[in-house]
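Novice: File follows, upload-v1.txt with compact mmCIF, C-alpha atoms:
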```
# COMPACT_ATOMS: atom_id res chain seq x y z
CA MET G 1347 0.00 0.00 0.00
CA SER G 1348 1.16 3.48 -0.66
CA MET G 1349 1.09 6.28 1.82
CA ARG G 1350 -2.30 7.49 0.56
CA GLY G 1351 -4.06 4.18 1.00
CA GLN G 1352 -3.95 3.12 -2.68
CA PRO G 1353 -2.24 -0.04 -3.86
CA ALA G 1354 1.17 0.47 -5.42
CA GLU G 1355 0.72 0.68 -9.21
CA ARG G 1356 4.04 2.12 -10.14
CA GLY G 1357 5.13 0.79 -13.49
CA ALA G 1358 1.70 -0.51 -14.53
CA ALA G 1359 1.46 2.06 -17.34
CA ALA G 1360 4.92 1.12 -18.58
CA VAL G 1361 3.97 -2.56 -18.71
CA GLU G 1362 0.73 -1.81 -20.58
CA PHE G 1363 2.65 0.40 -23.00
CA ALA G 1364 5.22 -2.34 -23.60
CA ILE G 1365 2.43 -4.81 -24.39
CA LEU G 1366 0.51 -2.52 -26.75
CA VAL G 1367 3.35 -0.93 -28.74
CA PRO G 1368 4.31 -4.05 -30.75
CA VAL G 1369 0.67 -4.69 -31.66
CA LEU G 1370 0.13 -1.10 -32.75
CA LEU G 1371 3.36 -1.06 -34.76
CA LEU G 1372 2.37 -4.29 -36.48
CA LEU G 1373 -0.98 -2.75 -37.46
CA VAL G 1374 0.61 0.45 -38.78
CA ILE G 1375 3.35 -1.33 -40.73
CA GLY G 1376 0.86 -3.89 -42.09
CA GLY G 1377 -1.39 -1.06 -43.28
CA MET G 1378 1.53 0.60 -45.01
CA GLU G 1379 2.50 -2.63 -46.77
CA LEU G 1380 -1.10 -3.18 -47.85
CA ALA G 1381 -1.30 0.35 -49.26
CA ARG G 1382 1.98 -0.15 -51.12
CA ALA G 1383 0.73 -3.45 -52.59
CA GLN G 1384 -2.49 -1.75 -53.72
CA PHE G 1385 -0.47 1.05 -55.34
CA GLU G 1386 1.65 -1.45 -57.25
CA GLN G 1387 -1.47 -3.38 -58.34
CA ALA G 1388 -2.89 -0.15 -59.75
CA GLY G 1389 0.37 0.40 -61.65
CA LEU G 1390 0.10 -3.10 -63.11
CA ALA G 1391 -3.48 -2.46 -64.21
CA GLY G 1392 -2.44 0.75 -65.97
CA ALA G 1393 0.43 -1.01 -67.73
CA ALA G 1394 -1.81 -3.87 -68.89
CA ARG G 1395 -4.50 -1.48 -70.10
CA GLU G 1396 -2.02 0.62 -72.10
CA ALA G 1397 -0.31 -2.44 -73.61
CA ALA G 1398 -3.67 -3.95 -74.66
CA ARG G 1399 -4.81 -0.65 -76.18
CA SER G 1400 -1.54 -0.31 -78.08
CA TYR G 1401 -1.66 -3.90 -79.36
CA ALA G 1402 -5.27 -3.55 -80.47
CA ILE G 1403 -4.32 -0.50 -82.55
CA THR G 1404 -0.80 -1.27 -83.83
CA LYS G 1405 -0.89 -5.10 -83.80
CA ASP G 1406 2.80 -5.01 -82.82
CA PRO G 1407 3.59 -6.95 -79.62
CA ALA G 1408 6.99 -5.27 -79.13
CA SER G 1409 5.61 -1.73 -79.26
CA ALA G 1410 2.66 -2.77 -77.08
CA THR G 1411 5.05 -4.14 -74.46
CA GLN G 1412 7.09 -0.93 -74.56
CA ALA G 1413 3.91 1.13 -74.18
CA GLY G 1414 2.97 -0.95 -71.14
CA ILE G 1415 6.41 -0.53 -69.60
CA ALA G 1416 6.27 3.23 -70.16
CA ALA G 1417 2.79 3.45 -68.62
CA SER G 1418 3.65 1.53 -65.46
CA THR G 1419 3.75 3.77 -62.40
CA GLY G 1420 5.51 2.73 -59.23
CA VAL G 1421 6.48 -0.65 -60.67
CA VAL G 1422 9.61 -1.57 -62.63
CA LEU G 1423 8.54 -3.97 -65.38
CA ALA G 1424 10.39 -5.80 -68.15
CA SER G 1425 9.13 -7.34 -71.36
CA ASP G 1426 9.01 -10.81 -69.78
CA ASN G 1427 6.33 -9.57 -67.35
CA PHE G 1428 3.88 -9.28 -70.30
CA THR G 1429 1.92 -12.02 -72.05
CA ILE G 1430 0.07 -10.83 -75.16
CA THR G 1431 -2.55 -12.91 -77.00
CA PRO G 1432 -3.48 -13.63 -79.71
CA THR G 1433 0.03 -14.18 -81.00
CA ALA G 1434 1.05 -13.98 -84.66
CA ALA G 1435 0.97 -17.79 -84.77
CA GLN G 1436 -2.68 -17.64 -83.69
CA GLY G 1437 -3.56 -15.25 -86.50
CA GLY G 1438 -2.69 -11.99 -84.77
CA CYS G 1439 -5.11 -9.31 -83.78
CA ALA G 1440 -7.78 -9.61 -86.48
CA PRO G 1441 -10.66 -7.10 -86.58
CA GLY G 1442 -13.38 -8.21 -84.21
CA ALA G 1443 -11.03 -10.33 -82.11
CA SER G 1444 -9.90 -9.37 -78.64
CA ALA G 1445 -6.38 -8.37 -77.65
CA THR G 1446 -5.57 -9.69 -74.19
CA VAL G 1447 -2.58 -8.63 -72.12
CA VAL G 1448 -1.66 -10.29 -68.83
CA VAL G 1449 0.97 -8.65 -66.64
CA ARG G 1450 2.62 -10.69 -63.88
CA TYR G 1451 4.76 -9.21 -61.11
CA ARG G 1452 6.18 -10.30 -57.76
CA PHE G 1453 5.53 -7.87 -54.90
CA GLU G 1454 8.29 -7.89 -52.29
CA PRO G 1455 7.30 -6.31 -48.96
CA VAL G 1456 9.82 -3.89 -47.47
CA THR G 1457 9.51 -5.24 -43.94
CA GLY G 1458 9.99 -8.91 -44.75
CA LEU G 1459 7.24 -9.89 -42.31
CA ILE G 1460 5.65 -11.92 -45.08
CA GLY G 1461 7.10 -13.47 -48.21
CA GLY G 1462 6.69 -12.10 -51.71
CA ILE G 1463 3.25 -12.04 -53.30
CA ASP G 1464 2.66 -12.92 -56.96
CA MET G 1465 0.39 -10.35 -58.58
CA SER G 1466 -1.22 -10.37 -62.01
CA THR G 1467 -3.75 -8.32 -63.88
CA GLN G 1468 -5.40 -8.58 -67.27
CA ALA G 1469 -6.74 -6.10 -69.81
CA VAL G 1470 -8.80 -6.83 -72.93
CA PHE G 1471 -9.40 -4.51 -75.89
CA ALA G 1472 -11.21 -5.15 -79.17
CA CYS G 1473 -8.85 -5.30 -82.15
CA GLU G 1474 -9.31 -2.56 -84.72
CA ARG G 1475 -9.18 -2.56 -88.53
```
Before anything else, please render the file you have as C-alpha cells.
Specialist:
Amino acid sequence: MSMRGQPAERGAAAVEFAILVPVLLLLVIGGMELARAQFEQAGLAGAAREAARSYAITKDPASATQAGIAASTGVVLASDNFTITPTAAQGGCAPGASATVVVRYRFEPVTGLIGGIDMSTQAVFACER
C-alpha cells in the first residue's frame, strides 16, 4: 500500500505500453504494406490497359510491351512480365477479335514480415481494322 491508502501501481502504465506498442506497430506497418501493394497493383493495371490498347491498334507486340512498360507507375517492369494474345501464330489481332494482355509481377514487402506475393492483372481490348 502506498502512503495514501492506494495499492502500489508504479510501473503498470509502462507494462501496458510495452504490451501494446508491438501490436500497434504491427498494425501500422501492415497497413503501409497493404497500401503499397495496392499502389503497385494499380500500376500493373495501368500497364496492362495501355499495352492492350496499343496492341489492339498497332498489332505489334513489341511496341505494345514498350507502351505498357512506359505506362507503369511505381512498378519496374520488363518485357518478360507481359503475355500478349493472340500471338502472330494464332492469327494476330484480327478485326473483331480481342487483344488480351496479362501482366505478372512479384511484390516484395519492405519489412519482410511476409514473403513475396505474386500479382497479375489482365486487360482486354477489341482489335481494330
Novice: With only C-alpha atoms as the counted atoms, please give the residues lying no more than 9 Å from Leu1390 in chain G, apart from itself and same-chain residues fewer than 2 positions off, as a ChimeraX atom specification.
Specialist: /G:1385-1388,1392-1395,1414,1417-1421,1423,1449-1451,1465-1468
Novice: Taking all atoms listed in the file into account, which of G:Ala1410, G:Ala1360, G:Ala1397, G:Ala1443 comes nearest Ala1472 in chain G?
Specialist: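 Between G:Ala1410, G:Ala1360, G:Ala1397, G:Ala1443, the residue approaching Ala1472 in chain G most closely is G:Ala1443.
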Novice: Considering only C-alpha atoms, return as a CSV table (one decimal) with C-alpha atoms, in the coordinates of the input whatever protein or nucleic-acid residues lie within 9 Å of range 1429-1438 of chain G, sequence-local ones (same chain, fewer than 3 positions apart) excluded.
Specialist:
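Result file is result37.csv:
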```csv
chain,number,residue,atom,x,y,z
G,1397,ALA,CA,-0.3,-2.4,-73.6
G,1398,ALA,CA,-3.7,-4.0,-74.7
G,1401,TYR,CA,-1.7,-3.9,-79.4
G,1405,LYS,CA,-0.9,-5.1,-83.8
G,1407,PRO,CA,3.6,-7.0,-79.6
G,1410,ALA,CA,2.7,-2.8,-77.1
G,1411,THR,CA,5.0,-4.1,-74.5
G,1425,SER,CA,9.1,-7.3,-71.4
G,1426,ASP,CA,9.0,-10.8,-69.8
G,1443,ALA,CA,-11.0,-10.3,-82.1
G,1444,SER,CA,-9.9,-9.4,-78.6
G,1445,ALA,CA,-6.4,-8.4,-77.6
G,1446,THR,CA,-5.6,-9.7,-74.2
G,1447,VAL,CA,-2.6,-8.6,-72.1
G,1448,VAL,CA,-1.7,-10.3,-68.8
G,1449,VAL,CA,1.0,-8.6,-66.6
G,1450,ARG,CA,2.6,-10.7,-63.9
```
Novice: Which is closest to Pro1455 in chain G among G:Gly1389, G:Gly1377, G:Gly1357, G:Gly1442, if we use all atoms listed in the file?
Specialist: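 Going through G:Gly1389, G:Gly1377, G:Gly1357, G:Gly1442 one by one, the smallest distance to Pro1455 in chain G is for G:Gly1377.
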Novice: I'd like the interatomic distance between CA of Ala1413 in chain G and CA of Ser1400 in chain G, to a tenth of an Å.
Specialist: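 These two atoms are separated by 6.9 Å.
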Novice: Go through G:Leu1459, G:Ala1469, G:Ser1409, G:Glu1454 and flag the residue nearest Ala1383 in chain G, using all atoms listed in the file for the distances.
Specialist: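 Checking each candidate against Ala1383 in chain G, we get G:Glu1454 as the closest.
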Novice: Could you check how far CA of Ala1440 in chain G sits from CA of Cys1473 in chain G, in Å to one decimal?
Specialist: 6.2 Å
Novice: Which residue gives the smallest distance to Thr1457 in chain G among G:Glu1355, G:Val1361, G:Met1378, G:Val1369, with all atoms listed in the file counted?
Specialist: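 Among the listed residues, G:Met1378 lies closest to Thr1457 in chain G.
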Novice: Counting only C-alpha atoms, which residue out of G:Glu1396, G:Glu1379, G:Ala1416, G:Glu1362 sits closest to Gly1462 in chain G?
Specialist: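 Closest candidate: G:Glu1379.
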Novice: Generate N, CA, C and O atoms for range 1448-1461 of chain G and emit them as a PDB file, in the coordinates of the input.
Specialist:
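After the write, rebuild-v2.pdb holds the following:
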```pdb
ATOM      1  N   VAL G1448      -1.779  -9.903 -70.235  1.00  0.00           N
ATOM      2  CA  VAL G1448      -1.660 -10.290 -68.830  1.00  0.00           C
ATOM      3  C   VAL G1448      -0.289  -9.823 -68.349  1.00  0.00           C
ATOM      4  O   VAL G1448       0.719 -10.075 -69.005  1.00  0.00           O
ATOM      5  N   VAL G1449      -0.284  -9.117 -67.228  1.00  0.00           N
ATOM      6  CA  VAL G1449       0.970  -8.650 -66.640  1.00  0.00           C
ATOM      7  C   VAL G1449       1.143  -9.362 -65.298  1.00  0.00           C
ATOM      8  O   VAL G1449       0.242  -9.340 -64.459  1.00  0.00           O
ATOM      9  N   ARG G1450       2.305  -9.989 -65.133  1.00  0.00           N
ATOM     10  CA  ARG G1450       2.620 -10.690 -63.880  1.00  0.00           C
ATOM     11  C   ARG G1450       3.795  -9.985 -63.210  1.00  0.00           C
ATOM     12  O   ARG G1450       4.732  -9.554 -63.883  1.00  0.00           O
ATOM     13  N   TYR G1451       3.744  -9.928 -61.877  1.00  0.00           N
ATOM     14  CA  TYR G1451       4.760  -9.210 -61.110  1.00  0.00           C
ATOM     15  C   TYR G1451       4.833  -9.810 -59.716  1.00  0.00           C
ATOM     16  O   TYR G1451       3.824 -10.269 -59.183  1.00  0.00           O
ATOM     17  N   ARG G1452       6.009  -9.799 -59.136  1.00  0.00           N
ATOM     18  CA  ARG G1452       6.180 -10.300 -57.760  1.00  0.00           C
ATOM     19  C   ARG G1452       6.387  -9.114 -56.831  1.00  0.00           C
ATOM     20  O   ARG G1452       7.367  -8.393 -56.945  1.00  0.00           O
ATOM     21  N   PHE G1453       5.458  -8.934 -55.904  1.00  0.00           N
ATOM     22  CA  PHE G1453       5.530  -7.870 -54.900  1.00  0.00           C
ATOM     23  C   PHE G1453       6.386  -8.338 -53.739  1.00  0.00           C
ATOM     24  O   PHE G1453       6.141  -9.395 -53.169  1.00  0.00           O
ATOM     25  N   GLU G1454       7.406  -7.571 -53.418  1.00  0.00           N
ATOM     26  CA  GLU G1454       8.290  -7.890 -52.290  1.00  0.00           C
ATOM     27  C   GLU G1454       8.077  -6.851 -51.195  1.00  0.00           C
ATOM     28  O   GLU G1454       8.404  -5.682 -51.381  1.00  0.00           O
ATOM     29  N   PRO G1455       7.511  -7.248 -50.056  1.00  0.00           N
ATOM     30  CA  PRO G1455       7.300  -6.310 -48.960  1.00  0.00           C
ATOM     31  C   PRO G1455       8.627  -5.774 -48.425  1.00  0.00           C
ATOM     32  O   PRO G1455       9.630  -6.478 -48.411  1.00  0.00           O
ATOM     33  N   VAL G1456       8.619  -4.524 -47.995  1.00  0.00           N
ATOM     34  CA  VAL G1456       9.820  -3.890 -47.470  1.00  0.00           C
ATOM     35  C   VAL G1456      10.213  -4.497 -46.129  1.00  0.00           C
ATOM     36  O   VAL G1456      11.387  -4.711 -45.848  1.00  0.00           O
ATOM     37  N   THR G1457       9.226  -4.798 -45.304  1.00  0.00           N
ATOM     38  CA  THR G1457       9.510  -5.240 -43.940  1.00  0.00           C
ATOM     39  C   THR G1457       9.987  -6.685 -43.872  1.00  0.00           C
ATOM     40  O   THR G1457      10.674  -7.045 -42.923  1.00  0.00           O
ATOM     41  N   GLY G1458       9.611  -7.511 -44.802  1.00  0.00           N
ATOM     42  CA  GLY G1458       9.990  -8.910 -44.750  1.00  0.00           C
ATOM     43  C   GLY G1458       9.168  -9.726 -43.768  1.00  0.00           C
ATOM     44  O   GLY G1458       9.503 -10.869 -43.480  1.00  0.00           O
ATOM     45  N   LEU G1459       8.092  -9.145 -43.242  1.00  0.00           N
ATOM     46  CA  LEU G1459       7.240  -9.890 -42.310  1.00  0.00           C
ATOM     47  C   LEU G1459       6.530 -11.046 -42.996  1.00  0.00           C
ATOM     48  O   LEU G1459       6.235 -12.063 -42.378  1.00  0.00           O
ATOM     49  N   ILE G1460       6.246 -10.854 -44.278  1.00  0.00           N
ATOM     50  CA  ILE G1460       5.650 -11.920 -45.080  1.00  0.00           C
ATOM     51  C   ILE G1460       6.505 -12.102 -46.317  1.00  0.00           C
ATOM     52  O   ILE G1460       7.285 -11.227 -46.678  1.00  0.00           O
ATOM     53  N   GLY G1461       6.353 -13.211 -46.982  1.00  0.00           N
ATOM     54  CA  GLY G1461       7.100 -13.470 -48.210  1.00  0.00           C
ATOM     55  C   GLY G1461       6.534 -12.667 -49.369  1.00  0.00           C
ATOM     56  O   GLY G1461       5.548 -11.944 -49.233  1.00  0.00           O
TER      57      GLY G1461
END
```
